[in-house]
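*Asks:* Submitted below is the structure of interest, expressed as structure tokens.
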There are 2 protein chains.
Amino acid sequence: MALAHAILVTLLDSPSSGYDLARQFDGAVGFFWQASHQQIYRELAKLEASGIITSETVLQETRPNKKLYAITDRGTAMLTEWLHTPSDLSPIKDDLLVKLFGGHLVEPTVLLQELRQHRKQHQTRLVEYQAIEERFFPDVEALSPKALYQYLTLRNGIQYEQGWLKWCEEALSTLQPLATSNAEE
Amino acid sequence: MALAHAILVTLLDSPSSGYDLARQFDGAVGFFWQASHQQIYRELAKLEASGIITSETVLQETRPNKKLYAITDRGTAMLTEWLHTPSDLSPIKDDLLVKLFGGHLVEPTVLLQELRQHRKQHQTRLVEYQAIEERFFPDVEALSPKALYQYLTLRNGIQYEQGWLKWCEEALSTLQPLATSNAEE
DNA sequence: TGGTCCATGTAAAACGTTACATGATTCC
DNA sequence: GGAATCATGTAACGTTTTACATGGACCA
């Protein structure tokens with residue numbers, strides 16, 4: 001059910017094909033939900049069958065035709081109902097932390113390397129998010145309510161990446177003393 | 001495969017029954033992985049069938065007998081190999097952020113209420129984590145390598161909850177102006 | 001001519017959730 | 001007497017992942 005909701009809030013922004021949605025899930029929607037194109041196409045078929053979305057085929061000359069999906073009134077009603085239903089905190093599943101929990105099994109350099117790699121990736125994401133913030137949300141006071149809500153999801157991403165970076169630094173300096181006399185980087 | 005690894009690092013700590021594991025997944029392991037008892041029992045049967053763990057039946061008088069599972073050499077080898085394989089950043093799936101993205105559909109008070117609820121829950125978790133930190137890790141300098149790795153997973157949880165709290169505050173004060181003349185709490 | 005983008009799908013396997021099922025003990 | 005804890009499972013269903021499959025347009 002959760003993927004359905006993520007698709008619906010995306011369609012609220014603009015009618016999209018499955019392909020468009022897949023790209024949005026790789027971009028801005030990806031801050032808080034990920035899904036592959038296979039999942040998306042299947043879910044779209046299911047949502048259309050139950051009248052939550054409708055499609056319109058758009059013929060194209062130089063490119064394959066596409067089906068543009070849009071949310072129906074029934075879909076909006078369903079989404080609104082869900083917005084009124086409280087959610088639990090979302091569960092965390094993190095491979096890196098599982099690894100750390102058993103980290104004493106391997107030489108310290110193994111996880112130090114992985115921590116450096118993660119730090120780098122979080123750093124990259126943070127820079128991307130901050131670029132989006134500057135480009136699209138330069139003046140928070142001037143935002144429409146809709147833009148304001150979406151801005152907050154971006155702010156969450158920024159907060160999240162900053163937290164990870166801070167923790168990576170802490171973990172690296174905590175574990176570095178365990179790695180005796182190694183030249184790495 | 002990921003649940004398997006979470007079970008294995010837990011068994012590394014001490015041989016456990018399915019029931020024990022389920023409780024650990026509700027506790028310390030729950031910082032970074034969640035699983036229901038049904039999942040755990042199924043996975044244990046599978047892991048035993050492939051020689052990654054072994055079980056020994058422990059007869060008990062006043063309580064039901066239990067099967068204590070322990071990791072085998074093959075299991076340790078498999079886990080070690082996985083520790084050497086780099087992981088991607090873990091995907092985020094967060095209902096609350098999906099809701100915010102479509103938040104303009106409902107009156108501001110709806111999401112303000114939900115944000116307050118989430119703030120409260122993150123606050124509760126943070127206090128729990130900090131209690132564990134004080135009780136079990138009072139002197140970081142004195143920790144064994146094994147304890148040090150596990151301490152870092154707790155520190156990640158603390159960082160995570162602090163980040164969420166900070167963001168909840170920001171989101172609440174950003175959205176509060178949208179809710180005009182309402183008496184809520 | 002080899003790679004990426006556009007565009008949509010099928011199929012199988014793995015993983016996760018919900019509901020059902022049992023039964024003694026211990027605590028309030 | 002009722003709820004919680006200990007202890008283990010089955011079954012059905014739903015979701016996610018991984019692999020396979022196709023084919024034209026455009027760019028270097």
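How things are named: the first chain in the structure tokens is A, the next is B, and so on; residues count from 1 in each chain; ligands count from 1 in the order shown.
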Got a sec: who's within 10 Å of DA25 of chain D, counting only C-alpha atoms (C1' of nucleotides), leaving out chain neighbours fewer than 3 positions off, as a PyMOL selection string?
*Replies:* (chain A and resi 62-64) or (chain C and resi 5-6)
*Asks:* Take the selection from the previous step and output its residues with N, CA and C atoms (P, O5', C5', C4', C3', O3' and C1' of nucleotides), as a compact mmCIF listing (two decimals), in the first residue's frame.
*Replies:*
# COMPACT_ATOMS: atom_id res chain seq x y z
N THR A 62 8.93 10.24 -32.86
CA THR A 62 10.29 9.69 -32.85
C THR A 62 10.56 8.80 -31.65
N ARG A 63 9.63 8.76 -30.71
CA ARG A 63 9.83 7.96 -29.51
C ARG A 63 8.66 7.02 -29.31
N PRO A 64 8.85 5.99 -28.49
CA PRO A 64 7.74 5.07 -28.22
C PRO A 64 6.57 5.83 -27.61
P DC C 5 21.63 7.87 -19.81
O5' DC C 5 20.33 8.13 -20.69
C5' DC C 5 20.37 9.16 -21.71
C4' DC C 5 19.08 9.10 -22.51
C3' DC C 5 17.83 8.87 -21.64
O3' DC C 5 16.87 9.87 -21.99
C1' DC C 5 17.88 7.35 -23.45
P DC C 6 15.52 10.07 -21.28
O5' DC C 6 14.55 9.20 -22.19
C5' DC C 6 14.03 9.75 -23.40
C4' DC C 6 13.16 8.72 -24.08
C3' DC C 6 11.90 8.34 -23.28
O3' DC C 6 10.76 8.63 -24.05
C1' DC C 6 13.04 6.42 -24.11
*Asks:* Which polymer residues have any atom within 12 Å of an atom of Ala4 of chain B, counting only C-alpha atoms (C1' of nucleotides), with same-chain residues fewer than 4 positions away left out, as number ranges by chain?
*Replies:* A: 95, 98; B: 8-11, 21, 33-35, 39-48, 50, 52-53, 71, 75-76, 78-79, 82; C: 15
*Asks:* Show me, as a ChimeraX atom specification, every residue of chain B with an atom at most 6 Å from chain A, counting only C-alpha atoms.
*Replies:* /B:6,9,32-33,90,92-94,97-98,100-102,104,146,149-150,153
*Asks:* How would the residues just picked look written out with C-alpha atoms as an mmCIF file, in the first residue's frame?
*Replies:*
data_model
loop_
_atom_site.group_PDB
_atom_site.id
_atom_site.type_symbol
_atom_site.label_atom_id
_atom_site.label_comp_id
_atom_site.auth_asym_id
_atom_site.auth_seq_id
_atom_site.Cartn_x
_atom_site.Cartn_y
_atom_site.Cartn_z
ATOM 1 C CA ALA B 6 21.599 -9.682 11.013
ATOM 2 C CA VAL B 9 26.016 -11.119 13.935
ATOM 3 C CA PHE B 32 19.428 -1.194 12.715
ATOM 4 C CA TRP B 33 17.260 -4.162 11.765
ATOM 5 C CA SER B 90 20.631 1.821 2.683
ATOM 6 C CA ILE B 92 15.034 5.243 2.893
ATOM 7 C CA LYS B 93 11.313 4.579 2.967
ATOM 8 C CA ASP B 94 9.447 6.980 5.112
ATOM 9 C CA LEU B 97 7.756 12.248 4.257
ATOM 10 C CA VAL B 98 5.412 10.825 1.620
ATOM 11 C CA LEU B 100 4.346 15.779 3.707
ATOM 12 C CA PHE B 101 4.963 15.710 -0.028
ATOM 13 C CA GLY B 102 1.195 15.601 -0.535
ATOM 14 C CA HIS B 104 -1.196 20.500 0.848
ATOM 15 C CA LYS B 146 33.907 -5.861 20.207
ATOM 16 C CA TYR B 149 31.925 -1.649 17.493
ATOM 17 C CA GLN B 150 28.589 -2.224 19.153
ATOM 18 C CA THR B 153 25.796 1.307 16.413
#
*Asks:* Run DSSP on the backbone of this structure and report the residues of chain A it assigns to strand (DSSP E), as a count of residues only.
*Replies:* 12
*Asks:* Report as a tab-separated table: every residue of chain D with an atom at most 12 Å from chain A, its closest pair of atoms, and their distance in Å to one decimal, counting only C-alpha atoms (C1' of nucleotides), with rows sorted by chain and ascending residue number.
*Replies:*
residue	atom	partner	partner_atom	distance
D:DG14	C1'	A:Met1	CA	9.4
D:DT15	C1'	A:Gln39	CA	8.9
D:DT16	C1'	A:Gln39	CA	7.6
D:DT17	C1'	A:Ser36	CA	8.9
D:DT18	C1'	A:Gln38	CA	10.4
D:DA19	C1'	A:Gln38	CA	11.5
D:DT22	C1'	A:Pro64	CA	12.0
D:DG23	C1'	A:Pro64	CA	9.2
D:DG24	C1'	A:Arg63	CA	7.2
D:DA25	C1'	A:Thr62	CA	6.7
D:DC26	C1'	A:Thr62	CA	10.2
